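K.L.:
I'd like to ask some things about the structure below.
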Amino acid sequence: MTKKELSVEEKQDLLDVLKIRFEKNINRHIGIDWAKVELKLNANPQKIWSLNEMERTGSEPDIVGFNSNIEEYIFCDCAIESPKGRRSVCYDHEALEKRKEHKPEDSAVNMAEEMGVEILTEEQYRKLQQLGNFDTKTSSWIITPPDIRKLGGALFSDFRYNTVFVYHNGAESYYAARGFRVLLNV
């Protein structure tokens with residue numbers, strides 16, 4: 001695998017965007033100090049590259065928590081709707097290979113792996129919804145339990161009627177309004 005790093009200018013541009021978003025949405029990360037976040041980011045160029053991929057695909061990554069057990073900040077997609085650059089994808093590579101006609105360009109699992117990030121679980125998705133109303137017009141694939149996936153299904157979620165809904169679909173399906181949300185620990 002080739003080393004994925006940003007230029008000095010690209011890195012600074014991303015840090016500037018992240019800092020502005022951090023300051024604008026302080027309710028998502030009360031008690032977290034940006035200076036400490038920036039130190040952690042500067043020590044992890046691969047994670048900065050992954051955050052840039054999140055930003056590039058329209059996810060508006062922001063800090064949504066801190067894991068004190070492992071001293072890591074949790075970045076998550078905070079775009080109001082499922083990120084535009086990650087829509088119209090099926091669930092995973094197996095589903096992509098099974099499609100005979102009208103294949104999507106990629107799958108959620110493949111893209112997340114290439115970006116170095118993790119697709120949200122149902123629990124993480126529900127936690128994100130406590131910070132705002134996300135996916136009120138779109139939906140997002142979430143990690144699917146192996147027993148469901150083995151039978152050909154995959155799970156997705158959205159937020160309607162003040163409620164988080166979890167649904168199922170064939171893993172090979174894809175829609176213009178369905179993408180996926182991710183998180184990254186730094």
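By order of appearance in the structure tokens: chains A, B, ..., then residues from 1 within every chain, and ligands from 1 in the order shown.
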So that I can see what lies close to Asn133 (chain A), please list as a PyMOL selection string the residues with an atom at most 10 Å from it, counting only C-alpha atoms and leaving out residues fewer than 5 positions away in the same chain.
P.N.:
chain A and resi 78-81+128+158-160+162-164
K.L.:
Any chance you could export the current selection's C-alpha atoms as a tab-separated table (two decimals), in the first residue's frame?
P.N.:
chain	number	residue	atom	x	y	z
A	78	CYS	CA	-21.70	15.52	10.74
A	79	ALA	CA	-23.17	16.56	7.38
A	80	ILE	CA	-26.93	16.93	7.81
A	81	GLU	CA	-27.60	14.41	5.03
A	128	LEU	CA	-24.88	10.67	16.54
A	158	ASP	CA	-32.45	7.29	8.81
A	159	PHE	CA	-34.22	9.84	11.01
A	160	ARG	CA	-37.91	10.50	10.40
A	162	ASN	CA	-38.33	12.34	15.50
A	163	THR	CA	-37.27	8.69	15.47
A	164	VAL	CA	-34.22	6.72	14.34
K.L.:
Could you list, with a cut-off of 12 Å and counting only C-alpha atoms, the residues of region 36-84 of chain A near region 104-125 of chain A, each shown with its nearest atom pair and the distance in Å rounded to one decimal, rows sorted by chain and ascending number, as JSON lines?
P.N.:
{"residue": "A:Pro45", "atom": "CA", "partner": "A:Gly116", "partner_atom": "CA", "distance": 11.9}
{"residue": "A:Gln46", "atom": "CA", "partner": "A:Gly116", "partner_atom": "CA", "distance": 8.3}
{"residue": "A:Lys47", "atom": "CA", "partner": "A:Gly116", "partner_atom": "CA", "distance": 7.8}
{"residue": "A:Ile48", "atom": "CA", "partner": "A:Gly116", "partner_atom": "CA", "distance": 10.3}
{"residue": "A:Trp49", "atom": "CA", "partner": "A:Met115", "partner_atom": "CA", "distance": 8.1}
{"residue": "A:Ser50", "atom": "CA", "partner": "A:Met115", "partner_atom": "CA", "distance": 5.4}
{"residue": "A:Leu51", "atom": "CA", "partner": "A:Met115", "partner_atom": "CA", "distance": 8.4}
{"residue": "A:Asn52", "atom": "CA", "partner": "A:Met115", "partner_atom": "CA", "distance": 9.1}
{"residue": "A:Glu53", "atom": "CA", "partner": "A:Met115", "partner_atom": "CA", "distance": 6.2}
{"residue": "A:Met54", "atom": "CA", "partner": "A:Met115", "partner_atom": "CA", "distance": 7.6}
{"residue": "A:Glu55", "atom": "CA", "partner": "A:Met115", "partner_atom": "CA", "distance": 10.9}
{"residue": "A:Arg56", "atom": "CA", "partner": "A:Met115", "partner_atom": "CA", "distance": 10.7}
{"residue": "A:Thr57", "atom": "CA", "partner": "A:Met115", "partner_atom": "CA", "distance": 10.3}
{"residue": "A:Pro61", "atom": "CA", "partner": "A:Val117", "partner_atom": "CA", "distance": 11.6}
{"residue": "A:Val64", "atom": "CA", "partner": "A:Gln124", "partner_atom": "CA", "distance": 10.4}
{"residue": "A:Gly65", "atom": "CA", "partner": "A:Gln124", "partner_atom": "CA", "distance": 11.1}
{"residue": "A:Ile74", "atom": "CA", "partner": "A:Gln124", "partner_atom": "CA", "distance": 10.9}
{"residue": "A:Phe75", "atom": "CA", "partner": "A:Val117", "partner_atom": "CA", "distance": 9.8}
{"residue": "A:Cys76", "atom": "CA", "partner": "A:Leu120", "partner_atom": "CA", "distance": 8.8}
{"residue": "A:Asp77", "atom": "CA", "partner": "A:Leu120", "partner_atom": "CA", "distance": 9.6}
{"residue": "A:Cys78", "atom": "CA", "partner": "A:Tyr125", "partner_atom": "CA", "distance": 11.0}
{"residue": "A:Ser82", "atom": "CA", "partner": "A:Tyr125", "partner_atom": "CA", "distance": 11.8}
{"residue": "A:Pro83", "atom": "CA", "partner": "A:Ala108", "partner_atom": "CA", "distance": 11.6}
K.L.:
Could you pull the residues within 7 Å of Glu172 (chain A), counting only C-alpha atoms, minus those fewer than 2 positions along the same chain, as a list in words?
P.N.:
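Surrounding residues, per the criterion: Cys90, Tyr91, Ala95, Leu96, Arg99, Gly170 and Tyr174 of chain A.
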K.L.:
Taking the DSSP secondary structure from the backbone, can you list the residues of region 42-133 of chain A that are alpha helix (DSSP H), as number ranges by chain?
P.N.:
A: 42, 45-56, 93-98, 108-115, 122-129
K.L.:
List as a list in words the protein and nucleic acid residues near region 31-36 of chain A, meaning an atom at most 9 Å away when only C-alpha atoms are counted, but skip any in the same chain fewer than 5 places from it.
P.N.:
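Residues near the query, excluding close chain neighbours: Lys19, Phe22, Glu23, Ile26, Leu41, Ile63, Gly65, Phe66 and Tyr73 of chain A.
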K.L.:
Report, in Å to a single decimal, how far apart CA of Ile142 (chain A) and CA of Gly179 (chain A) are.
P.N.:
9.5 Å
K.L.:
Can you check which residues of chain A DSSP gives as strand (DSSP E) on the backbone and send them as JSON, numbers by chain?
P.N.:
{"A": [61, 62, 63, 64, 65, 66, 67, 72, 73, 74, 75, 76, 77, 118, 119, 139, 140, 141, 142, 153, 154, 155, 156, 157, 158, 159, 160, 163, 164, 165, 166, 167, 168, 169, 170, 178, 179, 180, 182, 183, 184, 185]}
K.L.:
Export, as a CSV table (one decimal), in the first residue's frame, the selected residues with N, CA and C atoms.
P.N.:
chain,number,residue,atom,x,y,z
A,61,PRO,N,-16.6,16.2,8.7
A,61,PRO,CA,-16.2,15.6,9.9
A,61,PRO,C,-16.0,16.5,11.1
A,62,ASP,N,-16.4,16.1,12.3
A,62,ASP,CA,-16.2,16.9,13.5
A,62,ASP,C,-16.1,15.9,14.7
A,63,ILE,N,-15.5,16.4,15.8
A,63,ILE,CA,-15.3,15.6,16.9
A,63,ILE,C,-16.7,15.4,17.7
A,64,VAL,N,-17.0,14.2,18.0
A,64,VAL,CA,-18.2,13.9,18.7
A,64,VAL,C,-18.0,13.2,20.0
A,65,GLY,N,-16.7,13.0,20.4
A,65,GLY,CA,-16.4,12.4,21.7
A,65,GLY,C,-14.9,12.2,21.9
A,66,PHE,N,-14.6,11.7,23.1
A,66,PHE,CA,-13.2,11.4,23.4
A,66,PHE,C,-13.3,10.1,24.2
A,67,ASN,N,-12.4,9.2,23.8
A,67,ASN,CA,-12.3,7.9,24.5
A,67,ASN,C,-11.1,8.0,25.4
A,72,GLU,N,-8.1,8.8,22.7
A,72,GLU,CA,-8.4,9.1,21.3
A,72,GLU,C,-9.7,10.0,21.1
A,73,TYR,N,-9.6,10.9,20.2
A,73,TYR,CA,-10.7,11.8,19.8
A,73,TYR,C,-11.5,11.0,18.7
A,74,ILE,N,-12.8,11.1,18.8
A,74,ILE,CA,-13.7,10.4,17.9
A,74,ILE,C,-14.3,11.5,16.9
A,75,PHE,N,-13.9,11.3,15.6
A,75,PHE,CA,-14.4,12.2,14.5
A,75,PHE,C,-15.5,11.4,13.9
A,76,CYS,N,-16.6,12.1,13.5
A,76,CYS,CA,-17.7,11.4,12.8
A,76,CYS,C,-18.2,12.4,11.7
A,77,ASP,N,-18.9,11.8,10.7
A,77,ASP,CA,-19.6,12.6,9.7
A,77,ASP,C,-20.7,13.4,10.3
A,118,GLU,N,-14.2,3.7,9.7
A,118,GLU,CA,-15.2,2.6,10.0
A,118,GLU,C,-16.6,3.1,9.8
A,119,ILE,N,-17.4,2.2,9.2
A,119,ILE,CA,-18.8,2.5,9.0
A,119,ILE,C,-19.5,2.5,10.4
A,139,SER,N,-30.6,8.3,3.7
A,139,SER,CA,-30.4,7.2,4.6
A,139,SER,C,-28.9,6.8,4.5
A,140,SER,N,-28.5,6.0,5.5
A,140,SER,CA,-27.1,5.6,5.6
A,140,SER,C,-27.0,4.1,5.9
A,141,TRP,N,-26.1,3.4,5.1
A,141,TRP,CA,-25.8,2.0,5.5
A,141,TRP,C,-25.1,2.0,6.8
A,142,ILE,N,-25.4,1.0,7.6
A,142,ILE,CA,-24.7,0.8,8.9
A,142,ILE,C,-24.2,-0.6,9.0
A,153,GLY,N,-28.9,-9.8,3.3
A,153,GLY,CA,-29.4,-8.5,3.7
A,153,GLY,C,-28.3,-7.6,4.2
A,154,ALA,N,-28.7,-6.3,4.3
A,154,ALA,CA,-27.9,-5.3,4.9
A,154,ALA,C,-28.8,-4.3,5.6
A,155,LEU,N,-28.3,-3.6,6.6
A,155,LEU,CA,-29.1,-2.6,7.4
A,155,LEU,C,-28.7,-1.2,7.0
A,156,PHE,N,-29.7,-0.3,7.1
A,156,PHE,CA,-29.5,1.1,6.9
A,156,PHE,C,-30.4,1.8,7.9
A,157,SER,N,-30.1,3.1,8.1
A,157,SER,CA,-30.9,3.9,9.1
A,157,SER,C,-31.2,5.3,8.5
A,158,ASP,N,-32.2,5.9,9.1
A,158,ASP,CA,-32.4,7.3,8.8
A,158,ASP,C,-33.2,7.9,10.0
A,159,PHE,N,-33.5,9.2,9.9
A,159,PHE,CA,-34.2,9.8,11.0
A,159,PHE,C,-35.5,10.5,10.4
A,160,ARG,N,-36.6,10.0,10.8
A,160,ARG,CA,-37.9,10.5,10.4
A,160,ARG,C,-38.8,10.5,11.6
A,163,THR,N,-37.6,10.1,15.1
A,163,THR,CA,-37.3,8.7,15.5
A,163,THR,C,-36.2,8.2,14.6
A,164,VAL,N,-35.2,7.4,15.1
A,164,VAL,CA,-34.2,6.7,14.3
A,164,VAL,C,-34.8,5.4,13.9
A,165,PHE,N,-34.9,5.2,12.6
A,165,PHE,CA,-35.4,3.9,12.1
A,165,PHE,C,-34.2,3.1,11.5
A,166,VAL,N,-34.3,1.8,11.8
A,166,VAL,CA,-33.3,0.8,11.2
A,166,VAL,C,-34.1,-0.1,10.3
A,167,TYR,N,-33.7,-0.2,9.1
A,167,TYR,CA,-34.4,-1.0,8.1
A,167,TYR,C,-33.4,-2.0,7.5
A,168,HIS,N,-34.0,-2.8,6.6
A,168,HIS,CA,-33.1,-3.8,5.9
A,168,HIS,C,-33.4,-3.7,4.4
A,169,ASN,N,-32.5,-4.1,3.6
A,169,ASN,CA,-32.6,-4.1,2.1
A,169,ASN,C,-31.6,-5.2,1.7
A,170,GLY,N,-31.7,-5.6,0.4
A,170,GLY,CA,-30.7,-6.5,-0.2
A,170,GLY,C,-29.4,-5.8,-0.2
A,178,ARG,N,-29.0,7.1,-0.6
A,178,ARG,CA,-28.4,6.3,0.4
A,178,ARG,C,-26.9,6.3,0.3
A,179,GLY,N,-26.3,6.7,1.4
A,179,GLY,CA,-24.8,6.6,1.4
A,179,GLY,C,-24.4,5.8,2.7
A,180,PHE,N,-23.3,6.3,3.3
A,180,PHE,CA,-22.9,5.7,4.6
A,180,PHE,C,-22.2,6.8,5.4
A,182,VAL,N,-19.3,7.4,8.6
A,182,VAL,CA,-18.2,6.8,9.2
A,182,VAL,C,-17.7,7.5,10.4
A,183,LEU,N,-16.8,6.9,11.2
A,183,LEU,CA,-16.0,7.5,12.2
A,183,LEU,C,-14.6,7.2,12.1
A,184,LEU,N,-13.8,8.0,12.8
A,184,LEU,CA,-12.3,7.8,12.8
A,184,LEU,C,-11.8,8.2,14.2
A,185,ASN,N,-11.1,7.3,14.8
A,185,ASN,CA,-10.5,7.6,16.1
A,185,ASN,C,-9.1,8.1,15.9
K.L.:
Which residues come within 9 Å of Asn27 (chain A), counting only C-alpha atoms, excluding same-chain residues fewer than 3 positions away, as an mmCIF file with N, CA and C atoms, in the first residue's frame?
P.N.:
data_model
loop_
_atom_site.group_PDB
_atom_site.id
_atom_site.type_symbol
_atom_site.label_atom_id
_atom_site.label_comp_id
_atom_site.auth_asym_id
_atom_site.auth_seq_id
_atom_site.Cartn_x
_atom_site.Cartn_y
_atom_site.Cartn_z
ATOM 1 N N LYS A 24 -17.482 26.228 15.786
ATOM 2 C CA LYS A 24 -18.871 26.541 15.444
ATOM 3 C C LYS A 24 -19.857 25.560 16.092
ATOM 4 N N ILE A 30 -18.062 19.315 24.155
ATOM 5 C CA ILE A 30 -17.853 20.173 25.322
ATOM 6 C C ILE A 30 -16.671 19.646 26.140
ATOM 7 N N LEU A 131 -26.940 14.362 18.746
ATOM 8 C CA LEU A 131 -26.266 15.645 18.537
ATOM 9 C C LEU A 131 -26.969 16.521 17.507
#
K.L.:
So which one's closest to Arg87 (chain A), A:Ser59, A:Thr144, A:Gln12, A:Gln129? Using only C-alpha atoms, please.
P.N.:
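Ranking A:Ser59, A:Thr144, A:Gln12, A:Gln129 by distance to Arg87 (chain A), first place goes to A:Ser59.
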K.L.:
A:Arg181, A:Lys40, A:Arg126, A:Arg149: which is nearest Leu15 (chain A), counting only C-alpha atoms?
P.N.:
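Result for the nearest residue to Leu15 (chain A): A:Lys40.
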K.L.:
Could you tell me which of A:Asn44, A:Ser173, A:Asn25, A:Ser68 comes closest to His102 (chain A) if we count only C-alpha atoms?
P.N.:
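Checking each candidate against His102 (chain A), we get A:Ser173 as the closest.
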